[in-house]
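Undergrad: Take a look at the following structure, please.
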Amino acid sequence: MAGPISEMNRLYKYVAPSSPSELIDCSNFTIDFENRKFLNIGFDPKDKFNIVLRIITPSRYVNISPDFLKRIYSFMGNILSHILDPAVKYKKFTFLECESVLITSMVYRGEHVLVVESKETSGCRILLNRRDLMTIQDLEWMVFETVSRKINIVRPNILNQLEQISEYFKTDFNIDKSATLDEVISIIRGIHIELIAKHIQKNNQSFLTQIILFATEQHAINWMTKSRNSNSQCVKMSVELFQSINTLLNNVNFRLPSHLLLKEFKLMSIEEINGFNILSIKCLQQDQNVQLTKENVKKILQLSDAMEEVIQMKNMYVRSASLLQACKISMFLGKEMPLPKDTKISDVEDYLEHVEVKKLKERISVQGTCLIADLKIKALKQLARGWLSSSPETEAEVNRPRTRAFVARERAKASRRLMFERDTTSEFVI
(Lines give C-alpha, C1' and ligand atoms only; values in the text may rest on other atoms or scores of the structure.)
Protein backbone atom coordinates (compact mmCIF):
# COMPACT_ATOMS: atom_id res chain seq x y z
CA MET A 1 0.00 0.00 0.00
CA ALA A 2 2.92 2.30 0.60
CA GLY A 3 3.69 2.52 -3.07
CA PRO A 4 0.21 3.61 -4.31
CA ILE A 5 -0.30 6.06 -1.38
CA SER A 6 3.08 7.64 -2.03
CA GLU A 7 2.19 7.94 -5.70
CA MET A 8 -1.14 9.61 -4.85
CA ASN A 9 0.58 12.12 -2.57
CA ARG A 10 2.97 12.96 -5.36
CA LEU A 11 0.23 13.41 -7.94
CA TYR A 12 -2.22 15.38 -5.79
CA LYS A 13 0.20 17.45 -3.72
CA TYR A 14 -1.38 20.77 -2.81
CA VAL A 15 0.29 23.82 -4.32
CA ALA A 16 -0.64 27.04 -2.57
CA PRO A 17 -1.61 29.90 -4.91
CA SER A 18 0.08 33.27 -4.74
CA SER A 19 -1.21 35.62 -2.06
CA PRO A 20 -4.06 37.91 -3.12
CA SER A 21 -3.52 41.65 -3.38
CA GLU A 22 -4.78 43.82 -0.53
CA LEU A 23 -8.11 45.57 -1.13
CA ILE A 24 -8.69 49.23 -0.33
CA ASP A 25 -11.78 50.06 1.81
CA CYS A 26 -12.47 46.35 2.29
CA SER A 27 -15.85 45.23 3.72
CA ASN A 28 -16.23 41.70 5.09
CA PHE A 29 -19.18 39.30 5.26
CA THR A 30 -19.02 35.90 6.98
CA ILE A 31 -20.19 32.88 4.97
CA ASP A 32 -19.00 30.09 7.29
CA PHE A 33 -16.95 31.06 10.33
CA GLU A 34 -16.16 27.46 11.34
CA ASN A 35 -14.55 26.71 7.99
CA ARG A 36 -13.22 30.27 7.62
CA LYS A 37 -15.13 31.24 4.47
CA PHE A 38 -15.62 34.99 3.98
CA LEU A 39 -16.77 37.41 1.30
CA ASN A 40 -14.60 40.53 0.95
CA ILE A 41 -15.62 43.59 -1.08
CA GLY A 42 -13.10 46.30 -1.92
CA PHE A 43 -11.02 48.05 -4.57
CA ASP A 44 -8.13 46.20 -6.20
CA PRO A 45 -5.18 48.53 -6.96
CA LYS A 46 -3.82 46.00 -9.46
CA ASP A 47 -7.09 46.12 -11.43
CA LYS A 48 -7.24 49.90 -12.00
CA PHE A 49 -8.98 50.35 -8.64
CA ASN A 50 -12.09 48.52 -9.84
CA ILE A 51 -14.33 46.95 -7.21
CA VAL A 52 -13.78 43.25 -6.55
CA LEU A 53 -15.81 40.66 -4.65
CA ARG A 54 -13.47 38.03 -3.22
CA ILE A 55 -14.55 34.71 -1.70
CA ILE A 56 -11.67 33.68 0.53
CA THR A 57 -10.77 30.63 2.63
CA PRO A 58 -7.64 29.86 4.69
CA SER A 59 -5.83 28.52 1.61
CA ARG A 60 -7.63 29.72 -1.54
CA TYR A 61 -9.51 32.67 -2.97
CA VAL A 62 -11.51 33.63 -6.08
CA ASN A 63 -12.19 37.15 -7.39
CA ILE A 64 -15.64 37.86 -8.86
CA SER A 65 -16.91 41.00 -10.57
CA PRO A 66 -20.24 42.55 -9.46
CA ASP A 67 -21.77 41.83 -12.87
CA PHE A 68 -20.86 38.14 -12.66
CA LEU A 69 -22.26 37.94 -9.12
CA LYS A 70 -25.55 39.28 -10.47
CA ARG A 71 -25.57 36.43 -12.97
CA ILE A 72 -24.99 33.97 -10.11
CA TYR A 73 -27.91 35.39 -8.11
CA SER A 74 -30.19 35.30 -11.16
CA PHE A 75 -29.30 31.61 -11.58
CA MET A 76 -29.42 30.78 -7.86
CA GLY A 77 -32.74 28.92 -8.11
CA ASN A 78 -31.36 26.39 -10.58
CA ILE A 79 -28.10 26.10 -8.62
CA LEU A 80 -29.88 25.35 -5.32
CA SER A 81 -32.22 22.90 -7.02
CA HIS A 82 -29.23 20.95 -8.30
CA ILE A 83 -27.23 21.16 -5.06
CA LEU A 84 -30.16 19.96 -2.93
CA ASP A 85 -30.69 16.84 -5.06
CA PRO A 86 -29.42 13.60 -3.52
CA ALA A 87 -25.89 12.79 -4.64
CA VAL A 88 -26.12 9.47 -6.53
CA LYS A 89 -22.97 9.54 -8.61
CA TYR A 90 -20.42 12.08 -9.71
CA LYS A 91 -21.42 14.13 -12.71
CA LYS A 92 -19.80 17.45 -13.50
CA PHE A 93 -22.28 20.16 -14.46
CA THR A 94 -21.30 23.63 -15.72
CA PHE A 95 -23.57 26.48 -14.62
CA LEU A 96 -21.85 29.73 -15.59
CA GLU A 97 -18.59 30.86 -17.15
CA CYS A 98 -16.81 34.10 -18.03
CA GLU A 99 -13.28 35.13 -18.95
CA SER A 100 -12.02 34.85 -15.37
CA VAL A 101 -14.37 32.49 -13.45
CA LEU A 102 -15.87 29.03 -14.05
CA ILE A 103 -18.77 27.71 -11.93
CA THR A 104 -19.43 23.97 -11.92
CA SER A 105 -20.73 21.30 -9.51
CA MET A 106 -19.20 18.14 -8.08
CA VAL A 107 -19.83 15.51 -5.41
CA TYR A 108 -17.72 16.06 -2.29
CA ARG A 109 -18.09 13.94 0.88
CA GLY A 110 -21.37 12.49 -0.32
CA GLU A 111 -23.13 15.74 -1.28
CA HIS A 112 -23.31 18.13 -4.21
CA VAL A 113 -21.17 21.25 -3.85
CA LEU A 114 -20.72 24.29 -6.05
CA VAL A 115 -17.20 24.81 -7.39
CA VAL A 116 -16.14 28.43 -8.04
CA GLU A 117 -12.83 28.29 -9.88
CA SER A 118 -10.54 31.06 -11.10
CA LYS A 119 -9.36 30.79 -14.70
CA GLU A 120 -6.67 33.42 -14.15
CA THR A 121 -4.90 32.16 -10.99
CA SER A 122 -3.80 28.53 -10.95
CA GLY A 123 -4.94 26.50 -7.93
CA CYS A 124 -7.65 28.96 -6.80
CA ARG A 125 -10.87 27.02 -6.28
CA ILE A 126 -13.64 27.42 -3.67
CA LEU A 127 -16.19 24.74 -2.67
CA LEU A 128 -19.59 26.01 -1.47
CA ASN A 129 -22.13 23.62 0.07
CA ARG A 130 -25.86 24.26 0.39
CA ARG A 131 -25.47 26.10 3.73
CA ASP A 132 -22.89 28.43 2.19
CA LEU A 133 -25.16 29.13 -0.78
CA MET A 134 -28.14 29.88 1.48
CA THR A 135 -25.99 32.34 3.46
CA ILE A 136 -24.82 34.04 0.26
CA GLN A 137 -28.42 34.29 -0.91
CA ASP A 138 -29.43 35.97 2.37
CA LEU A 139 -26.59 38.50 1.91
CA GLU A 140 -27.74 39.56 -1.58
CA TRP A 141 -29.23 42.97 -0.75
CA MET A 142 -26.50 43.91 1.72
CA VAL A 143 -23.81 42.97 -0.80
CA PHE A 144 -25.24 45.08 -3.62
CA GLU A 145 -25.97 48.03 -1.31
CA THR A 146 -22.29 47.93 -0.32
CA VAL A 147 -21.18 47.66 -3.96
CA SER A 148 -23.38 50.59 -5.01
CA ARG A 149 -22.11 52.82 -2.18
CA LYS A 150 -18.50 52.03 -2.92
CA ILE A 151 -18.80 52.63 -6.68
CA ASN A 152 -20.79 55.88 -6.45
CA ILE A 153 -19.23 57.49 -3.36
CA VAL A 154 -15.99 55.84 -2.27
CA ARG A 155 -14.26 55.18 -5.61
CA PRO A 156 -14.36 58.86 -6.80
CA ASN A 157 -12.75 59.89 -3.49
CA ILE A 158 -10.02 57.26 -3.83
CA LEU A 159 -9.22 58.27 -7.42
CA ASN A 160 -9.20 61.97 -6.45
CA GLN A 161 -6.78 61.37 -3.57
CA LEU A 162 -4.65 59.15 -5.79
CA GLU A 163 -4.34 61.97 -8.34
CA GLN A 164 -3.46 64.50 -5.62
CA ILE A 165 -0.71 62.23 -4.27
CA SER A 166 0.70 61.68 -7.77
CA GLU A 167 0.67 65.43 -8.46
CA TYR A 168 2.47 66.08 -5.16
CA PHE A 169 5.15 63.53 -6.02
CA LYS A 170 5.62 65.03 -9.49
CA THR A 171 5.93 68.67 -8.32
CA ASP A 172 7.93 68.22 -5.09
CA PHE A 173 10.26 65.35 -5.97
CA ASN A 174 12.53 64.83 -8.96
CA ILE A 175 13.43 61.36 -10.15
CA ASP A 176 15.96 60.33 -12.75
CA LYS A 177 14.24 59.32 -15.98
CA SER A 178 16.48 56.25 -16.09
CA ALA A 179 15.33 55.06 -12.64
CA THR A 180 13.84 51.57 -12.51
CA LEU A 181 10.44 50.68 -11.09
CA ASP A 182 11.97 49.10 -7.96
CA GLU A 183 14.01 52.25 -7.29
CA VAL A 184 10.95 54.48 -7.52
CA ILE A 185 9.01 52.13 -5.22
CA SER A 186 11.82 52.43 -2.65
CA ILE A 187 11.65 56.25 -2.89
CA ILE A 188 7.89 56.25 -2.28
CA ARG A 189 8.19 53.94 0.72
CA GLY A 190 10.78 56.30 2.19
CA ILE A 191 8.42 59.33 2.13
CA HIS A 192 6.64 59.76 5.46
CA ILE A 193 2.86 59.55 5.30
CA GLU A 194 2.41 62.60 7.55
CA LEU A 195 4.43 64.69 5.06
CA ILE A 196 2.18 63.53 2.21
CA ALA A 197 -0.97 64.26 4.26
CA LYS A 198 0.01 67.94 4.55
CA HIS A 199 -0.20 68.35 0.77
CA ILE A 200 -3.49 66.49 0.27
CA GLN A 201 -6.88 68.19 0.46
CA LYS A 202 -8.68 67.20 3.64
CA ASN A 203 -11.70 64.94 3.18
CA ASN A 204 -14.20 63.27 5.47
CA GLN A 205 -13.17 59.94 3.95
CA SER A 206 -9.40 59.64 3.86
CA PHE A 207 -7.79 56.61 2.23
CA LEU A 208 -4.29 58.05 2.21
CA THR A 209 -2.62 55.32 4.28
CA GLN A 210 -4.31 52.49 2.39
CA ILE A 211 -3.41 54.03 -0.97
CA ILE A 212 0.25 54.44 0.00
CA LEU A 213 0.58 50.94 1.48
CA PHE A 214 -1.51 48.92 -0.96
CA ALA A 215 -0.94 50.81 -4.23
CA THR A 216 2.79 51.58 -4.06
CA GLU A 217 3.55 49.97 -7.42
CA GLN A 218 0.71 51.83 -9.15
CA HIS A 219 1.98 55.12 -7.66
CA ALA A 220 5.48 54.39 -8.93
CA ILE A 221 4.28 53.65 -12.47
CA ASN A 222 2.07 56.77 -12.48
CA TRP A 223 4.90 58.94 -11.15
CA MET A 224 7.39 57.63 -13.74
CA THR A 225 4.92 58.19 -16.58
CA LYS A 226 4.13 61.76 -15.51
CA SER A 227 7.76 62.74 -14.97
CA ARG A 228 8.81 61.42 -18.39
CA ASN A 229 5.94 63.17 -20.13
CA SER A 230 6.13 66.41 -18.13
CA ASN A 231 7.38 68.53 -21.05
CA SER A 232 4.48 67.92 -23.38
CA GLN A 233 1.54 65.53 -23.46
CA CYS A 234 -0.13 66.59 -26.66
CA VAL A 235 0.41 66.50 -30.40
CA LYS A 236 -1.43 68.85 -32.74
CA MET A 237 -2.31 67.46 -36.15
CA SER A 238 -4.65 68.03 -39.04
CA VAL A 239 -7.96 66.23 -39.33
CA GLU A 240 -6.64 64.37 -42.39
CA LEU A 241 -3.63 63.05 -40.45
CA PHE A 242 -5.82 62.03 -37.53
CA GLN A 243 -8.07 60.09 -39.88
CA SER A 244 -5.02 58.37 -41.39
CA ILE A 245 -3.75 57.44 -37.92
CA ASN A 246 -7.21 56.25 -36.89
CA THR A 247 -7.25 53.88 -39.88
CA LEU A 248 -3.75 52.67 -39.03
CA LEU A 249 -4.67 51.91 -35.40
CA ASN A 250 -6.95 49.08 -36.53
CA ASN A 251 -3.90 47.07 -37.61
CA VAL A 252 -1.32 48.07 -35.00
CA ASN A 253 0.17 45.00 -33.25
CA PHE A 254 2.52 46.59 -30.65
CA ARG A 255 5.51 44.53 -31.79
CA LEU A 256 9.09 45.76 -31.65
CA PRO A 257 10.73 47.28 -33.55
CA SER A 258 8.03 48.96 -35.56
CA HIS A 259 7.99 52.23 -37.53
CA LEU A 260 4.42 52.97 -38.58
CA LEU A 261 4.10 56.44 -40.09
CA LEU A 262 6.02 59.62 -40.90
CA LYS A 263 3.78 62.40 -42.20
CA GLU A 264 3.39 66.13 -41.50
CA PHE A 265 6.59 65.89 -39.40
CA LYS A 266 4.78 63.44 -37.07
CA LEU A 267 6.63 60.21 -36.25
CA MET A 268 4.47 57.26 -35.18
CA SER A 269 6.27 54.18 -33.83
CA ILE A 270 6.22 51.41 -31.22
CA GLU A 271 8.57 51.87 -28.24
CA GLU A 272 9.30 49.95 -25.05
CA ILE A 273 8.87 51.78 -21.72
CA ASN A 274 9.02 50.09 -18.30
CA GLY A 275 8.83 46.70 -19.96
CA PHE A 276 5.63 47.54 -21.88
CA ASN A 277 5.26 48.26 -25.59
CA ILE A 278 3.50 51.57 -26.21
CA LEU A 279 2.49 53.57 -29.27
CA SER A 280 4.43 56.85 -29.48
CA ILE A 281 3.40 59.83 -31.62
CA LYS A 282 6.05 62.57 -31.78
CA CYS A 283 6.17 65.94 -33.48
CA LEU A 284 9.61 66.48 -35.02
CA GLN A 285 9.23 70.27 -35.30
CA GLN A 286 8.02 70.94 -31.74
CA ASP A 287 8.53 69.36 -28.32
CA GLN A 288 5.31 67.37 -28.42
CA ASN A 289 4.90 63.71 -27.60
CA VAL A 290 2.03 61.36 -26.78
CA GLN A 291 2.35 57.78 -25.52
CA LEU A 292 -0.61 55.41 -25.89
CA THR A 293 -1.07 51.99 -24.32
CA LYS A 294 -3.13 49.18 -25.83
CA GLU A 295 -6.06 50.28 -23.66
CA ASN A 296 -5.74 53.87 -24.95
CA VAL A 297 -5.74 52.70 -28.56
CA LYS A 298 -8.75 50.47 -27.92
CA LYS A 299 -10.64 53.42 -26.42
CA ILE A 300 -9.80 55.67 -29.38
CA LEU A 301 -11.10 53.05 -31.79
CA GLN A 302 -14.31 52.77 -29.77
CA LEU A 303 -14.79 56.54 -30.00
CA SER A 304 -13.74 56.92 -33.64
CA ASP A 305 -17.28 57.10 -35.07
CA ALA A 306 -18.35 59.66 -32.46
CA MET A 307 -15.25 61.78 -33.17
CA GLU A 308 -15.97 61.70 -36.91
CA GLU A 309 -19.48 63.02 -36.24
CA VAL A 310 -18.08 65.83 -34.07
CA ILE A 311 -15.54 66.79 -36.77
CA GLN A 312 -18.25 66.91 -39.44
CA MET A 313 -20.54 69.02 -37.24
CA LYS A 314 -17.77 71.51 -36.45
CA ASN A 315 -16.76 71.82 -40.12
CA MET A 316 -20.34 72.27 -41.34
CA TYR A 317 -21.76 74.56 -38.65
CA VAL A 318 -19.32 75.81 -36.02
CA ARG A 319 -16.52 76.91 -38.39
CA SER A 320 -18.80 78.94 -40.66
CA ALA A 321 -20.55 80.52 -37.66
CA SER A 322 -17.25 81.46 -35.99
CA LEU A 323 -15.88 83.04 -39.19
CA LEU A 324 -19.07 85.06 -39.72
CA GLN A 325 -19.21 86.29 -36.13
CA ALA A 326 -15.48 87.15 -36.12
CA CYS A 327 -16.06 89.23 -39.26
CA LYS A 328 -19.03 91.02 -37.65
CA ILE A 329 -16.99 91.83 -34.51
CA SER A 330 -14.10 93.24 -36.55
CA MET A 331 -16.40 95.36 -38.76
CA PHE A 332 -18.32 96.66 -35.75
CA LEU A 333 -15.14 97.69 -33.92
CA GLY A 334 -13.64 99.26 -37.04
CA LYS A 335 -16.79 101.29 -37.68
CA GLU A 336 -17.61 102.38 -34.14
CA MET A 337 -14.05 102.91 -32.99
CA PRO A 338 -11.56 103.22 -35.89
CA LEU A 339 -7.88 103.07 -35.01
CA PRO A 340 -4.80 104.37 -36.86
CA LYS A 341 -3.48 101.73 -39.22
CA ASP A 342 -0.03 101.80 -37.66
CA THR A 343 -1.30 100.95 -34.17
CA LYS A 344 0.65 98.07 -32.72
CA ILE A 345 -1.17 94.77 -32.57
CA SER A 346 -0.25 94.42 -28.88
CA ASP A 347 -1.99 97.75 -28.16
CA VAL A 348 -5.09 96.67 -30.10
CA GLU A 349 -5.18 93.40 -28.17
CA ASP A 350 -4.98 95.38 -24.94
CA TYR A 351 -7.92 97.57 -26.04
CA LEU A 352 -9.87 94.48 -27.06
CA GLU A 353 -9.41 92.78 -23.70
CA HIS A 354 -11.34 95.65 -22.07
CA VAL A 355 -14.32 95.28 -24.37
CA GLU A 356 -17.26 93.73 -22.52
CA VAL A 357 -18.72 90.63 -24.15
CA LYS A 358 -22.16 91.64 -22.95
CA LYS A 359 -22.07 94.88 -24.96
CA LEU A 360 -20.79 93.09 -28.05
CA LYS A 361 -23.70 90.68 -27.86
CA GLU A 362 -26.14 93.58 -27.53
CA ARG A 363 -24.79 95.38 -30.61
CA ILE A 364 -24.06 92.41 -32.89
CA SER A 365 -26.90 90.28 -34.22
CA VAL A 366 -26.21 86.54 -34.22
CA GLN A 367 -28.30 83.72 -35.61
CA GLY A 368 -27.91 80.32 -34.02
CA THR A 369 -25.13 79.58 -31.54
CA CYS A 370 -23.34 82.66 -30.20
CA LEU A 371 -19.54 82.27 -30.16
CA ILE A 372 -18.58 85.87 -29.34
CA ALA A 373 -17.18 85.13 -25.86
CA ASP A 374 -15.26 82.10 -27.12
CA LEU A 375 -13.78 84.10 -30.00
CA LYS A 376 -12.75 86.94 -27.72
CA ILE A 377 -10.79 84.51 -25.55
CA LYS A 378 -9.30 82.17 -28.15
CA ALA A 379 -8.97 84.42 -31.22
CA LEU A 380 -7.85 87.70 -29.66
CA LYS A 381 -4.97 88.32 -32.11
CA GLN A 382 -7.15 87.56 -35.15
CA LEU A 383 -9.88 89.92 -33.93
CA ALA A 384 -7.28 92.64 -33.29
CA ARG A 385 -6.01 92.36 -36.86
CA GLY A 386 -9.58 92.45 -38.13
CA TRP A 387 -10.24 95.57 -36.08
CA LEU A 388 -7.26 97.33 -37.68
CA SER A 389 -8.11 96.22 -41.21
CA SER A 390 -11.73 97.36 -40.76
CA SER A 391 -10.74 100.82 -39.48
CA PRO A 392 -11.27 103.26 -42.42
CA GLU A 393 -8.74 105.95 -43.20
CA THR A 394 -10.12 109.42 -44.03
CA GLU A 395 -8.91 111.31 -47.10
CA ALA A 396 -6.99 113.75 -44.91
CA GLU A 397 -5.25 110.87 -43.18
CA VAL A 398 -4.25 109.33 -46.51
CA ASN A 399 -2.76 112.57 -47.93
CA ARG A 400 -1.23 113.82 -44.72
CA PRO A 401 2.34 112.69 -43.95
CA ARG A 402 2.49 110.34 -40.96
CA THR A 403 4.84 112.18 -38.64
CA ARG A 404 5.43 111.08 -35.07
CA ALA A 405 3.32 113.98 -33.81
CA PHE A 406 0.45 112.96 -36.12
CA VAL A 407 0.55 109.36 -34.90
CA ALA A 408 0.66 110.51 -31.28
CA ARG A 409 -2.40 112.75 -31.79
CA GLU A 410 -4.33 109.91 -33.47
CA ARG A 411 -3.53 107.58 -30.62
CA ALA A 412 -4.64 110.23 -28.13
CA LYS A 413 -7.94 110.58 -30.03
CA ALA A 414 -8.46 106.83 -29.91
CA SER A 415 -7.68 106.77 -26.18
CA ARG A 416 -10.12 109.65 -25.49
CA ARG A 417 -12.76 107.84 -27.57
CA LEU A 418 -12.20 104.69 -25.54
CA MET A 419 -12.53 106.62 -22.27
CA PHE A 420 -15.65 108.42 -23.51
CA GLU A 421 -17.35 105.17 -24.54
CA ARG A 422 -16.58 103.63 -21.18
CA ASP A 423 -17.79 106.55 -19.07
CA THR A 424 -21.04 107.35 -20.93
CA THR A 425 -24.25 105.34 -21.20
CA SER A 426 -23.38 104.06 -24.66
CA GLU A 427 -24.24 100.48 -25.46
CA PHE A 428 -20.62 99.71 -26.34
CA VAL A 429 -18.23 99.68 -23.42
CA ILE A 430 -14.45 99.29 -23.29
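Ordering of the C-alpha coordinates sets the chain letters (A, B, ...), residue numbers begin anew at 1 in every chain, and ligands are numbered from 1 in the order given.
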Return as CSV the residues of segment 75-174 of chain A lying at most 8 Å from segment 206-229 of chain A, together with the closest atom-to-atom pair for each and the distance in Å to one decimal, counting only C-alpha atoms, with rows in chain order and ascending residue number.

TA:
residue,atom,partner,partner_atom,distance
A:Ile158,CA,A:Phe207,CA,6.5
A:Gln161,CA,A:Leu208,CA,7.1
A:Leu162,CA,A:Ile211,CA,7.1
A:Ser166,CA,A:Trp223,CA,6.0
A:Phe169,CA,A:Trp223,CA,6.9
A:Lys170,CA,A:Ser227,CA,6.3
A:Asn174,CA,A:Ser227,CA,8.0

Undergrad: Can you tell me how far atom CA of Thr135 of chain A sits from atom CA of Leu84 of chain A, in Å to one decimal?

TA: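 Between atom CA of Thr135 of chain A and atom CA of Leu84 of chain A the gap works out to 14.5 Å.
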
Undergrad: Write out as number ranges by chain each polymer residue whose atoms come within 10 Å of segment 96-107 of chain A, counting only C-alpha atoms; drop sequence neighbours fewer than 3 positions from it.

TA: A: 62-65, 68, 71-72, 75, 79, 82-83, 86-93, 110-121, 125-129

Undergrad: Could you list, as an MDAnalysis selection string, every residue within 10 Å of Phe144 of chain A, counting only C-alpha atoms and ignoring same-chain residues fewer than 4 positions away?

TA: chainID A and resid 66 69:70 139:140 148:150

Undergrad: I'd like to know which residues of segment 120-183 of chain A are alpha helix (DSSP H) (by DSSP, run on the backbone); could you write them as an MDAnalysis selection string?

TA: chainID A and resid 130:138 140:149 155:172 181:183

Undergrad: Please return as a list of chain:residue names: the residues of segment 77-218 of chain A that backbone DSSP assigns to strand (DSSP E).

TA: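 DSSP on the backbone gives strand (DSSP E) at A:Phe93, A:Thr94, A:Phe95, A:Leu96, A:Glu97, A:Val101, A:Leu102, A:Ile103, A:Thr104, A:Ser105, A:Met106, A:Val107, A:Tyr108, A:Glu111, A:His112, A:Val113, A:Leu114, A:Val115, A:Val116, A:Glu117, A:Ser118, A:Arg125, A:Ile126, A:Leu127, A:Leu128.
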
Undergrad: Report, in Å with one decimal, the straight-line distance from atom CA of Asp305 of chain A to atom CA of Ser320 of chain A.

TA: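 Between atom CA of Asp305 of chain A and atom CA of Ser320 of chain A the gap works out to 22.6 Å.
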
Undergrad: For Pro17 of chain A, which residue among A:Gln243, A:Arg363, A:Asp44, A:Gly123 is the nearest when counting only C-alpha atoms?

TA: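 Closest candidate: A:Gly123.
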